[in-house]
$ cat run-v7.cif   # mmCIF, C-alpha atoms and all ligand atoms
data_query
#
loop_
_atom_site.group_PDB
_atom_site.id
_atom_site.type_symbol
_atom_site.label_atom_id
_atom_site.label_comp_id
_atom_site.auth_asym_id
_atom_site.auth_seq_id
_atom_site.Cartn_x
_atom_site.Cartn_y
_atom_site.Cartn_z
ATOM 1 C CA MET A 266 52.017 95.128 89.424
ATOM 2 C CA ILE A 267 50.815 94.123 85.946
ATOM 3 C CA TYR A 268 53.500 93.405 83.340
ATOM 4 C CA ASN A 269 53.303 91.829 79.934
ATOM 5 C CA THR A 270 54.549 88.291 79.402
ATOM 6 C CA LYS A 271 57.360 89.374 77.106
ATOM 7 C CA GLU A 272 59.077 91.424 79.825
ATOM 8 C CA ILE A 273 58.787 88.640 82.404
ATOM 9 C CA LEU A 274 60.014 85.914 80.052
ATOM 10 C CA GLN A 275 62.913 87.856 78.567
ATOM 11 C CA GLU A 276 64.220 88.311 82.103
ATOM 12 C CA ALA A 277 63.743 84.575 82.796
ATOM 13 C CA LYS A 278 65.541 83.616 79.582
ATOM 14 C CA LYS A 279 68.465 85.913 80.352
ATOM 15 C CA ASN A 280 68.877 84.399 83.814
ATOM 16 C CA LYS A 281 68.131 80.757 82.888
ATOM 17 C CA TYR A 282 65.069 80.046 84.981
ATOM 18 C CA ALA A 283 61.439 79.465 83.954
ATOM 19 C CA VAL A 284 58.224 81.183 85.048
ATOM 20 C CA GLY A 285 54.948 79.354 85.664
ATOM 21 C CA ALA A 286 51.906 80.406 83.633
ATOM 22 C CA PHE A 287 49.108 79.183 85.867
ATOM 23 C CA ASN A 288 45.511 78.686 84.678
ATOM 24 C CA VAL A 289 42.977 80.104 87.135
ATOM 25 C CA ILE A 290 39.186 79.943 87.116
ATOM 26 C CA ASN A 291 37.971 81.911 90.144
ATOM 27 C CA MET A 292 38.924 83.988 93.181
ATOM 28 C CA GLU A 293 40.353 81.069 95.156
ATOM 29 C CA THR A 294 42.700 79.812 92.443
ATOM 30 C CA THR A 295 43.871 83.376 91.685
ATOM 31 C CA GLN A 296 44.570 84.074 95.361
ATOM 32 C CA ALA A 297 46.427 80.766 95.635
ATOM 33 C CA VAL A 298 48.767 81.697 92.765
ATOM 34 C CA LEU A 299 49.396 85.222 94.050
ATOM 35 C CA GLU A 300 49.937 84.135 97.653
ATOM 36 C CA ALA A 301 52.423 81.470 96.524
ATOM 37 C CA ALA A 302 54.231 84.044 94.358
ATOM 38 C CA LYS A 303 54.446 86.425 97.302
ATOM 39 C CA GLU A 304 55.839 83.806 99.682
ATOM 40 C CA MET A 305 58.336 82.592 97.087
ATOM 41 C CA ARG A 306 59.196 86.095 95.788
ATOM 42 C CA SER A 307 58.531 85.016 92.215
ATOM 43 C CA PRO A 308 57.050 86.638 89.099
ATOM 44 C CA VAL A 309 53.992 84.762 87.772
ATOM 45 C CA ILE A 310 51.773 84.621 84.724
ATOM 46 C CA ILE A 311 48.077 84.182 85.421
ATOM 47 C CA GLN A 312 46.137 82.878 82.464
ATOM 48 C CA LEU A 313 42.548 82.354 81.410
ATOM 49 C CA THR A 314 41.064 80.288 78.609
ATOM 50 C CA GLU A 315 38.026 81.235 76.548
ATOM 51 C CA LYS A 316 36.011 78.631 78.477
ATOM 52 C CA THR A 317 36.931 80.325 81.759
ATOM 53 C CA ILE A 318 36.046 83.743 80.357
ATOM 54 C CA ASP A 319 32.617 82.338 79.404
ATOM 55 C CA TYR A 320 32.254 80.651 82.788
ATOM 56 C CA ALA A 321 33.219 83.598 84.987
ATOM 57 C CA GLY A 322 32.415 86.586 82.760
ATOM 58 C CA GLY A 323 35.360 88.354 81.116
ATOM 59 C CA LYS A 324 35.025 91.746 82.845
ATOM 60 C CA ASN A 325 34.425 90.083 86.167
ATOM 61 C CA ILE A 326 37.379 87.696 86.201
ATOM 62 C CA PHE A 327 39.790 90.120 84.533
ATOM 63 C CA SER A 328 39.001 92.874 87.076
ATOM 64 C CA LEU A 329 39.230 90.386 89.919
ATOM 65 C CA ILE A 330 42.752 89.324 88.919
ATOM 66 C CA LYS A 331 43.882 92.881 88.247
ATOM 67 C CA ASN A 332 42.475 94.177 91.534
ATOM 68 C CA LEU A 333 43.966 91.350 93.588
ATOM 69 C CA ALA A 334 47.354 91.828 91.917
ATOM 70 C CA ASN A 335 47.394 95.622 92.237
ATOM 71 C CA PHE A 336 45.879 96.056 95.699
ATOM 72 C CA TYR A 337 47.167 93.058 97.627
ATOM 73 C CA TYR A 338 50.352 92.023 95.794
ATOM 74 C CA PRO A 339 51.778 95.246 94.281
ATOM 75 C CA GLU A 340 55.361 94.000 94.660
ATOM 76 C CA ILE A 341 54.795 90.894 92.473
ATOM 77 C CA PRO A 342 55.294 91.124 88.688
ATOM 78 C CA VAL A 343 52.077 89.576 87.345
ATOM 79 C CA ALA A 344 51.172 89.086 83.689
ATOM 80 C CA ILE A 345 47.565 88.351 82.725
ATOM 81 C CA HIS A 346 47.443 86.196 79.619
ATOM 82 C CA LEU A 347 44.799 84.720 77.302
ATOM 83 C CA ASP A 348 45.634 81.020 76.878
ATOM 84 C CA HIS A 349 44.840 79.235 73.574
ATOM 85 C CA GLY A 350 42.904 81.985 71.796
ATOM 86 C CA LYS A 351 41.497 80.117 68.795
ATOM 87 C CA ASN A 352 40.246 83.014 66.638
ATOM 88 C CA PHE A 353 40.655 86.751 66.059
ATOM 89 C CA GLU A 354 37.374 87.553 67.866
ATOM 90 C CA ILE A 355 38.522 86.178 71.224
ATOM 91 C CA ILE A 356 41.901 87.922 70.830
ATOM 92 C CA LYS A 357 40.141 91.252 70.191
ATOM 93 C CA LYS A 358 37.794 90.635 73.113
ATOM 94 C CA ALA A 359 40.704 89.914 75.492
ATOM 95 C CA ILE A 360 42.603 93.010 74.354
ATOM 96 C CA ALA A 361 39.482 95.143 74.798
ATOM 97 C CA LEU A 362 39.204 93.795 78.348
ATOM 98 C CA GLY A 363 42.797 94.934 78.995
ATOM 99 C CA PHE A 364 44.853 91.725 78.680
ATOM 100 C CA PRO A 365 48.515 92.708 78.196
ATOM 101 C CA SER A 366 49.291 89.339 76.629
ATOM 102 C CA VAL A 367 47.524 86.748 74.446
ATOM 103 C CA MET A 368 48.107 83.444 72.690
ATOM 104 C CA TYR A 369 46.840 82.903 69.174
ATOM 105 C CA ASP A 370 46.729 79.146 68.641
ATOM 106 C CA ALA A 371 46.412 78.023 65.023
ATOM 107 C CA SER A 372 48.696 75.033 65.615
ATOM 108 C CA ARG A 373 46.174 72.607 64.148
ATOM 109 C CA LYS A 374 46.139 74.448 60.830
ATOM 110 C CA SER A 375 48.673 74.055 58.016
ATOM 111 C CA PHE A 376 52.071 75.698 58.516
ATOM 112 C CA GLN A 377 51.253 78.383 55.920
ATOM 113 C CA ASP A 378 47.836 79.214 57.408
ATOM 114 C CA ASN A 379 49.255 79.288 60.927
ATOM 115 C CA LEU A 380 52.017 81.631 59.741
ATOM 116 C CA GLN A 381 49.789 84.022 57.772
ATOM 117 C CA GLU A 382 47.069 84.289 60.413
ATOM 118 C CA THR A 383 49.544 84.653 63.276
ATOM 119 C CA LYS A 384 51.430 87.357 61.388
ATOM 120 C CA GLU A 385 48.258 89.397 60.878
ATOM 121 C CA ILE A 386 47.163 89.004 64.501
ATOM 122 C CA ALA A 387 50.675 89.793 65.797
ATOM 123 C CA GLN A 388 50.595 93.117 63.918
ATOM 124 C CA TYR A 389 47.265 93.925 65.551
ATOM 125 C CA CYS A 390 48.595 92.993 69.017
ATOM 126 C CA HIS A 391 51.812 94.962 68.669
ATOM 127 C CA LYS A 392 49.934 98.099 67.625
ATOM 128 C CA LYS A 393 48.078 97.785 70.923
ATOM 129 C CA ASN A 394 51.274 97.067 72.881
ATOM 130 C CA VAL A 395 50.119 93.523 73.682
ATOM 131 C CA SER A 396 52.541 90.593 73.576
ATOM 132 C CA ILE A 397 51.634 87.487 71.611
ATOM 133 C CA GLN A 398 52.446 83.795 71.832
ATOM 134 C CA ALA A 399 51.842 81.243 69.074
ATOM 135 C CA GLU A 400 52.361 77.494 68.783
ATOM 136 C CA LEU A 401 54.203 75.512 66.160
ATOM 137 C CA GLY A 402 54.015 71.764 65.991
ATOM 138 C CA ASN A 403 51.049 70.778 68.092
ATOM 139 C CA VAL A 404 50.591 69.979 71.769
ATOM 140 C CA PRO A 405 47.873 67.309 71.767
ATOM 141 C CA ASN A 406 45.505 66.413 74.577
ATOM 142 C CA TYR A 407 46.258 62.976 75.980
ATOM 143 C CA ARG A 408 42.576 62.068 75.972
ATOM 144 C CA GLU A 409 42.616 62.169 72.169
ATOM 145 C CA LEU A 410 45.759 60.047 71.864
ATOM 146 C CA ASP A 411 46.045 56.325 71.350
ATOM 147 C CA MET A 412 48.915 55.833 73.746
ATOM 148 C CA GLN A 413 49.921 52.439 72.319
ATOM 149 C CA ASN A 414 50.364 53.826 68.806
ATOM 150 C CA ILE A 415 51.259 57.451 69.245
ATOM 151 C CA ASN A 416 53.875 58.828 66.883
ATOM 152 C CA TRP A 417 55.236 61.794 68.849
ATOM 153 C CA ASP A 418 57.040 63.036 65.709
ATOM 154 C CA ASP A 419 53.676 64.104 64.278
ATOM 155 C CA TYR A 420 53.351 66.667 67.080
ATOM 156 C CA MET A 421 56.908 68.000 67.233
ATOM 157 C CA THR A 422 58.119 71.482 66.235
ATOM 158 C CA LYS A 423 60.491 71.458 63.267
ATOM 159 C CA PRO A 424 63.493 73.722 64.019
ATOM 160 C CA GLU A 425 63.778 75.136 60.455
ATOM 161 C CA GLU A 426 60.070 75.998 60.432
ATOM 162 C CA ALA A 427 60.421 77.672 63.831
ATOM 163 C CA VAL A 428 63.063 80.053 62.444
ATOM 164 C CA GLN A 429 60.895 81.127 59.506
ATOM 165 C CA PHE A 430 57.764 81.318 61.662
ATOM 166 C CA VAL A 431 59.293 83.586 64.308
ATOM 167 C CA GLN A 432 61.057 85.787 61.761
ATOM 168 C CA GLU A 433 57.941 86.383 59.680
ATOM 169 C CA THR A 434 55.289 86.607 62.384
ATOM 170 C CA LYS A 435 57.418 88.574 64.895
ATOM 171 C CA ILE A 436 55.721 86.815 67.811
ATOM 172 C CA ASP A 437 57.057 87.419 71.320
ATOM 173 C CA THR A 438 57.011 83.842 72.672
ATOM 174 C CA LEU A 439 56.793 80.442 70.972
ATOM 175 C CA ALA A 440 55.059 77.316 72.321
ATOM 176 C CA VAL A 441 56.867 74.170 71.174
ATOM 177 C CA GLY A 442 56.158 70.464 70.815
ATOM 178 C CA ILE A 443 58.972 68.225 72.075
ATOM 179 C CA GLY A 444 56.957 65.281 73.458
ATOM 180 C CA ASN A 445 54.547 67.253 75.670
ATOM 181 C CA ALA A 446 50.758 66.723 75.845
ATOM 182 C CA HIS A 447 47.937 68.458 77.739
ATOM 183 C CA SER A 448 46.076 66.861 80.644
ATOM 184 C CA PHE A 449 48.685 64.235 81.408
ATOM 185 C CA THR A 450 49.034 62.733 84.839
ATOM 186 C CA GLN A 451 51.133 59.707 84.065
ATOM 187 C CA GLU A 452 54.629 58.679 82.983
ATOM 188 C CA ARG A 453 55.611 59.127 79.363
ATOM 189 C CA PRO A 454 58.737 58.929 77.239
ATOM 190 C CA GLU A 455 61.597 61.395 77.629
ATOM 191 C CA PRO A 456 61.180 64.607 75.621
ATOM 192 C CA ASP A 457 63.291 65.315 72.545
ATOM 193 C CA TYR A 458 66.068 67.352 74.196
ATOM 194 C CA ASN A 459 68.145 67.634 70.999
ATOM 195 C CA ARG A 460 65.257 69.167 69.113
ATOM 196 C CA LEU A 461 64.692 71.690 71.907
ATOM 197 C CA GLU A 462 68.365 72.601 72.002
ATOM 198 C CA LYS A 463 68.391 73.144 68.258
ATOM 199 C CA ILE A 464 65.267 75.342 68.333
ATOM 200 C CA SER A 465 66.642 77.474 71.135
ATOM 201 C CA GLN A 466 69.968 77.913 69.313
ATOM 202 C CA LEU A 467 68.157 79.108 66.197
ATOM 203 C CA VAL A 468 65.391 81.222 67.742
ATOM 204 C CA GLU A 469 65.853 84.196 70.101
ATOM 205 C CA THR A 470 62.223 84.289 71.248
ATOM 206 C CA PRO A 471 61.537 82.771 74.714
ATOM 207 C CA LEU A 472 60.157 79.223 74.438
ATOM 208 C CA VAL A 473 57.060 77.996 76.279
ATOM 209 C CA LEU A 474 56.143 74.440 77.247
ATOM 210 C CA HIS A 475 52.457 73.530 77.456
ATOM 211 C CA GLY A 476 51.237 70.209 78.769
ATOM 212 C CA ALA A 477 54.007 69.461 81.227
ATOM 213 C CA SER A 478 52.049 69.680 84.491
ATOM 214 C CA ASP A 479 53.265 66.240 85.530
ATOM 215 C CA TRP A 480 56.955 66.759 84.715
ATOM 216 C CA GLU A 481 59.224 66.722 87.728
ATOM 217 C CA GLY A 482 62.897 66.703 88.755
ATOM 218 C CA GLU A 483 65.695 66.286 86.237
ATOM 219 C CA ARG A 484 63.438 66.480 83.191
ATOM 220 C CA VAL A 485 62.350 69.990 84.175
ATOM 221 C CA LYS A 486 65.900 71.120 84.992
ATOM 222 C CA LYS A 487 67.132 69.769 81.671
ATOM 223 C CA VAL A 488 64.514 71.513 79.497
ATOM 224 C CA ILE A 489 65.127 74.812 81.303
ATOM 225 C CA ASP A 490 68.827 74.380 80.693
ATOM 226 C CA LYS A 491 68.126 73.717 77.016
ATOM 227 C CA GLY A 492 65.937 76.771 76.519
ATOM 228 C CA ILE A 493 62.448 76.623 78.101
ATOM 229 C CA SER A 494 61.504 79.905 79.838
ATOM 230 C CA CYS A 495 57.863 79.229 80.723
ATOM 231 C CA PHE A 496 55.679 76.262 81.781
ATOM 232 C CA ASN A 497 51.895 76.354 81.365
ATOM 233 C CA ILE A 498 50.302 74.647 84.357
ATOM 234 C CA ASP A 499 46.625 73.762 84.508
ATOM 235 C CA THR A 500 46.104 70.059 85.227
ATOM 236 C CA ALA A 501 48.290 70.041 88.365
ATOM 237 C CA LEU A 502 46.155 72.829 89.873
ATOM 238 C CA ARG A 503 42.867 71.180 88.914
ATOM 239 C CA VAL A 504 44.037 67.983 90.574
ATOM 240 C CA ALA A 505 45.134 69.789 93.762
ATOM 241 C CA PHE A 506 41.844 71.726 94.015
ATOM 242 C CA THR A 507 39.623 68.728 93.245
ATOM 243 C CA ASP A 508 41.470 66.258 95.501
ATOM 244 C CA SER A 509 41.222 68.683 98.391
ATOM 245 C CA LEU A 510 37.482 69.200 97.826
ATOM 246 C CA VAL A 511 36.845 65.464 97.615
ATOM 247 C CA SER A 512 38.814 64.832 100.764
ATOM 248 C CA THR A 513 37.076 67.611 102.728
ATOM 249 C CA LEU A 514 33.613 66.666 101.517
ATOM 250 C CA THR A 515 34.005 62.960 102.132
ATOM 251 C CA LYS A 516 36.072 62.939 105.315
ATOM 252 C CA ASN A 517 35.696 66.215 107.167
ATOM 253 C CA LEU A 518 32.327 67.643 106.257
ATOM 254 C CA GLU A 519 30.880 67.555 109.753
ATOM 255 C CA LYS A 520 34.024 69.043 111.250
ATOM 256 C CA ILE A 521 33.840 72.069 108.988
ATOM 257 C CA SER A 522 30.097 72.553 109.614
ATOM 258 C CA TYR A 523 29.142 72.891 105.950
ATOM 259 C CA ASP A 524 31.042 76.178 105.895
ATOM 260 C CA LEU A 525 31.955 76.723 102.251
ATOM 261 C CA ARG A 526 34.642 79.234 103.181
ATOM 262 C CA ARG A 527 36.436 76.453 105.007
ATOM 263 C CA THR A 528 35.872 73.909 102.217
ATOM 264 C CA LEU A 529 37.088 76.285 99.511
ATOM 265 C CA GLY A 530 39.765 77.655 101.835
ATOM 266 C CA GLU A 531 41.294 74.165 102.131
ATOM 267 C CA ALA A 532 41.235 73.781 98.341
ATOM 268 C CA ARG A 533 42.890 77.198 97.978
ATOM 269 C CA LYS A 534 45.648 76.102 100.373
ATOM 270 C CA ALA A 535 46.220 72.926 98.346
ATOM 271 C CA VAL A 536 46.564 74.929 95.102
ATOM 272 C CA LYS A 537 48.922 77.375 96.790
ATOM 273 C CA GLU A 538 51.202 74.521 97.921
ATOM 274 C CA GLU A 539 51.245 73.106 94.381
ATOM 275 C CA VAL A 540 52.142 76.522 92.922
ATOM 276 C CA LYS A 541 54.940 76.939 95.480
ATOM 277 C CA HIS A 542 56.280 73.536 94.500
ATOM 278 C CA LYS A 543 56.264 74.499 90.806
ATOM 279 C CA ILE A 544 57.931 77.869 91.463
ATOM 280 C CA LYS A 545 60.762 76.114 93.316
ATOM 281 C CA LEU A 546 61.069 73.513 90.547
ATOM 282 C CA PHE A 547 61.259 76.199 87.838
ATOM 283 C CA GLY A 548 63.808 78.251 89.808
ATOM 284 C CA SER A 549 61.803 81.499 89.691
ATOM 285 C CA ASP A 550 61.870 81.888 93.502
ATOM 286 C CA ASN A 551 63.739 84.849 95.021
ATOM 287 C CA LYS A 552 63.813 86.753 91.758
ATOM 288 C CA ILE A 553 62.083 89.933 93.015
HETATM 289 O O1 LIG A 601 45.490 74.019 77.583
HETATM 290 C C1 LIG A 601 44.735 74.631 78.322
HETATM 291 C C2 LIG A 601 43.836 74.079 79.281
HETATM 292 O O2 LIG A 601 44.366 73.011 79.991
HETATM 293 C C3 LIG A 601 42.465 73.799 78.698
HETATM 294 O O3 LIG A 601 41.613 74.356 79.593
HETATM 295 O O4 LIG A 601 39.303 73.480 79.719
HETATM 296 O O5 LIG A 601 39.833 75.855 80.255
HETATM 297 O O6 LIG A 601 39.896 75.096 77.886
HETATM 298 P P1 LIG A 601 40.050 74.700 79.324
HETATM 299 P P1 LIG A 602 48.636 70.820 81.549
HETATM 300 O O1 LIG A 602 47.418 70.106 81.092
HETATM 301 O O2 LIG A 602 49.853 69.932 81.533
HETATM 302 O O3 LIG A 602 48.492 71.504 82.853
HETATM 303 O O4 LIG A 602 48.917 71.967 80.470
HETATM 304 C C1 LIG A 602 48.293 73.204 80.622
HETATM 305 C C2 LIG A 602 48.458 74.068 79.438
HETATM 306 O O5 LIG A 602 49.261 73.853 78.548
HETATM 307 C C3 LIG A 602 47.586 75.236 79.369
HETATM 308 O O6 LIG A 602 47.798 75.971 78.204
HETATM 309 ZN ZN ZN A 603 48.213 74.652 76.537
#

$ encode --input "run-v7.cif" --output "structure tokens" --more "lines below"
Ligand code: G3H
Ligand code: 13P
Ligand code: ZN
Amino acid sequence: MIYNTKEILQEAKKNKYAVGAFNVINMETTQAVLEAAKEMRSPVIIQLTEKTIDYAGGKNIFSLIKNLANFYYPEIPVAIHLDHGKNFEIIKKAIALGFPSVMYDASRKSFQDNLQETKEIAQYCHKKNVSIQAELGNVPNYRELDMQNINWDDYMTKPEEAVQFVQETKIDTLAVGIGNAHSFTQERPEPDYNRLEKISQLVETPLVLHGASDWEGERVKKVIDKGISCFNIDTALRVAFTDSLVSTLTKNLEKISYDLRRTLGEARKAVKEEVKHKIKLFGSDNKI
């Protein structure tokens, strides 16, 4: 059944676990997320970027997700979310398609511009009963970072700004910067746990962590304990899907007789296993 992100994440926050917001691009990745959620009895957020909407066609991919969720997995709470909406047009487009939840990302703009624009867009969303996420601080992409000279402080959320931002914009969830970066698949320094703890003491709104696909074990447990209610996961699924395809195409192609259903079916299985692993790690299993 389709929920909005706010409902799912308020429940997670109350009960101290986190929910995965998984980026999908097609039928196979969507089925993988839903099948994993069903086996693990977990709520999930399924999210699409503007690039995916352009790639798959908005009506097409939105209906596909909604139909799969409603017809095949009616017992699973599923939110469909626009990830990293960069302007008002894409937010309006997503809402017109039926998205119950969006992100407006002006995190690269000045604090004042981010606040004013987010406030205006949040009013629009709330009138339409759509929940909205925004980002403060900035979650960079590791490809644009000089890893030898990175100053993580430049990307971090300032707790005092977070209070003002949430109060004035009235957003439903807040994406934070605490040492996280998109597209990472390698070790990096420990996040700033004290900063996270301070933000979550000052701000009621559920907190979201982008760019932590490669975080495992204690680090994940610790940030959930200190206030994270949602992890955005894209890179880990891309890696699982791609590695499976490469392996099938280079090692087993003759065995599978060039049958694309078997090739893509293997990749779907690999994504499903990765999603199950994340659900267990975030502690959202057995919650429905
Ligand atoms: O942060 C979100 C995604 O990892 C970027 O994905 O290539 O679909 O825009 P995209
Ligand atoms: P990763 O690149 O770590 O998967 O982050 C995904 C993300 O934040 C999508 O919004
Ligand atoms: Zn992100």

$ closest_residue --input "run-v7.cif" --among "A:Ala286, A:Val488, A:Met305, A:Ala277" --to "ligand LIG 602 (chain A)" --atoms "only C-alpha atoms and all ligand atoms"
A:Ala286

$ residues_near_ligand --input "run-v7.cif" --ligand "ligand LIG 601 (chain A)" --cutoff "10 Å" --atoms "only C-alpha atoms and all ligand atoms" --output "number ranges by chain"
A: 287-290, 312-320, 348-350, 404-406, 446-449, 475-476, 478, 497-501, 503

$ closest_residue --input "run-v7.cif" --among "A:Ala344, A:Val431, A:Leu525, A:Val441" --to "ligand LIG 602 (chain A)" --atoms "all atoms listed in the file"
A:Val441

$ closest_residue --input "run-v7.cif" --among "A:Asn335, A:Gln398, A:Gln296, A:Gln381" --to "ligand LIG 602 (chain A)" --atoms "all atoms listed in the file"
A:Gln398

$ resolve_selection --input "run-v7.cif" --expression "the PyMOL selection byres (((chain A and resi 418-429) around 8) and not hetatm)" --output "number ranges by chain"
A: 401-405, 416-417, 430-433, 441-444, 460, 463-464, 467-468

$ write_last_selection --input "run-v7.cif" --atoms "C-alpha atoms" --output "mmCIF file, in the coordinates of the input"
data_model
loop_
_atom_site.group_PDB
_atom_site.id
_atom_site.type_symbol
_atom_site.label_atom_id
_atom_site.label_comp_id
_atom_site.auth_asym_id
_atom_site.auth_seq_id
_atom_site.Cartn_x
_atom_site.Cartn_y
_atom_site.Cartn_z
ATOM 1 C CA LEU A 401 54.203 75.512 66.160
ATOM 2 C CA GLY A 402 54.015 71.764 65.991
ATOM 3 C CA ASN A 403 51.049 70.778 68.092
ATOM 4 C CA VAL A 404 50.591 69.979 71.769
ATOM 5 C CA PRO A 405 47.873 67.309 71.767
ATOM 6 C CA ASN A 416 53.875 58.828 66.883
ATOM 7 C CA TRP A 417 55.236 61.794 68.849
ATOM 8 C CA PHE A 430 57.764 81.318 61.662
ATOM 9 C CA VAL A 431 59.293 83.586 64.308
ATOM 10 C CA GLN A 432 61.057 85.787 61.761
ATOM 11 C CA GLU A 433 57.941 86.383 59.680
ATOM 12 C CA VAL A 441 56.867 74.170 71.174
ATOM 13 C CA GLY A 442 56.158 70.464 70.815
ATOM 14 C CA ILE A 443 58.972 68.225 72.075
ATOM 15 C CA GLY A 444 56.957 65.281 73.458
ATOM 16 C CA ARG A 460 65.257 69.167 69.113
ATOM 17 C CA LYS A 463 68.391 73.144 68.258
ATOM 18 C CA ILE A 464 65.267 75.342 68.333
ATOM 19 C CA LEU A 467 68.157 79.108 66.197
ATOM 20 C CA VAL A 468 65.391 81.222 67.742
#

$ axis_aligned_box --input "run-v7.cif" --around "ligand LIG 602 (chain A)" --padding-each-side "8 Å" --output "lines of an AutoDock Vina configuration file"
center_x = 48.6
center_y = 73.0
center_z = 80.5
size_x = 18.4
size_y = 22.0
size_z = 20.6

$ closest_residue --input "run-v7.cif" --among "A:Phe376, A:Tyr369, A:Trp480, A:Tyr458" --to "ligand ZN 603 (chain A)" --atoms "all atoms listed in the file"
A:Tyr369

$ closest_residue --input "run-v7.cif" --among "A:Cys390, A:Ala301, A:Thr383, A:Lys331" --to "Ile360 in chain A" --atoms "all atoms listed in the file"
A:Cys390

$ residues_around --input "run-v7.cif" --residues "His391 in chain A" --least-positions-apart "3" --cutoff "12 Å" --atoms "only C-alpha atoms" --output "PDB file with C-alpha atoms, keeping the file's coordinate frame"
ATOM      1  CA  ASN A 269      53.303  91.829  79.934  1.00  0.00           C
ATOM      2  CA  LYS A 271      57.360  89.374  77.106  1.00  0.00           C
ATOM      3  CA  ILE A 360      42.603  93.010  74.354  1.00  0.00           C
ATOM      4  CA  PRO A 365      48.515  92.708  78.196  1.00  0.00           C
ATOM      5  CA  SER A 366      49.291  89.339  76.629  1.00  0.00           C
ATOM      6  CA  VAL A 367      47.524  86.748  74.446  1.00  0.00           C
ATOM      7  CA  THR A 383      49.544  84.653  63.276  1.00  0.00           C
ATOM      8  CA  LYS A 384      51.430  87.357  61.388  1.00  0.00           C
ATOM      9  CA  GLU A 385      48.258  89.397  60.878  1.00  0.00           C
ATOM     10  CA  ILE A 386      47.163  89.004  64.501  1.00  0.00           C
ATOM     11  CA  ALA A 387      50.675  89.793  65.797  1.00  0.00           C
ATOM     12  CA  GLN A 388      50.595  93.117  63.918  1.00  0.00           C
ATOM     13  CA  ASN A 394      51.274  97.067  72.881  1.00  0.00           C
ATOM     14  CA  VAL A 395      50.119  93.523  73.682  1.00  0.00           C
ATOM     15  CA  SER A 396      52.541  90.593  73.576  1.00  0.00           C
ATOM     16  CA  ILE A 397      51.634  87.487  71.611  1.00  0.00           C
ATOM     17  CA  GLN A 398      52.446  83.795  71.832  1.00  0.00           C
ATOM     18  CA  THR A 434      55.289  86.607  62.384  1.00  0.00           C
ATOM     19  CA  LYS A 435      57.418  88.574  64.895  1.00  0.00           C
ATOM     20  CA  ILE A 436      55.721  86.815  67.811  1.00  0.00           C
ATOM     21  CA  ASP A 437      57.057  87.419  71.320  1.00  0.00           C
TER      22      ASP A 437
END
